[in-house]
Amino acid sequence: MTVPDTRTGVLVIRVWWEPGQTPALRARLLVADSALHAPVVHATAAGPDDVCREVAAWLQRWTESITAPGE
């Protein structure tokens, strides 16, 4: 398999419900630097707001880590 551009990030979010916990929604964020690498645990989160914060933080770091085409 040929991947033409290395400017690819992968984020997988696994979510589940933990009854009796507040908030009950839990998530694990797995990330990879490219489609060729296995994902690793980036963060765990509790509740929708926490999940959104973690996704935004990862996107910010990923965006800052890449170089614009032609640079």
# chains A, B, ... in the order shown; residues from 1 in each chain; ligands from 1
$ residues_around --residues "stretch 53-67 of chain A" --least-positions-apart "2" --cutoff "12 Å" --atoms "only C-alpha atoms" --output "number ranges by chain"
A: 5-13, 27-34, 41-51, 69-71
$ atom_distance --atom1 "atom CA of A:Gln21" --atom2 "atom CA of A:Val40"
25.4 Å
$ select_by_dssp --residues "chain A" --states "alpha helix (DSSP H)" --output "list in words"
Pro48, Asp49, Asp50, Val51, Cys52, Arg53, Glu54, Val55, Ala56, Ala57, Trp58, Leu59, Gln60, Arg61, Trp62, Thr63, Glu64 and Ser65 of chain A
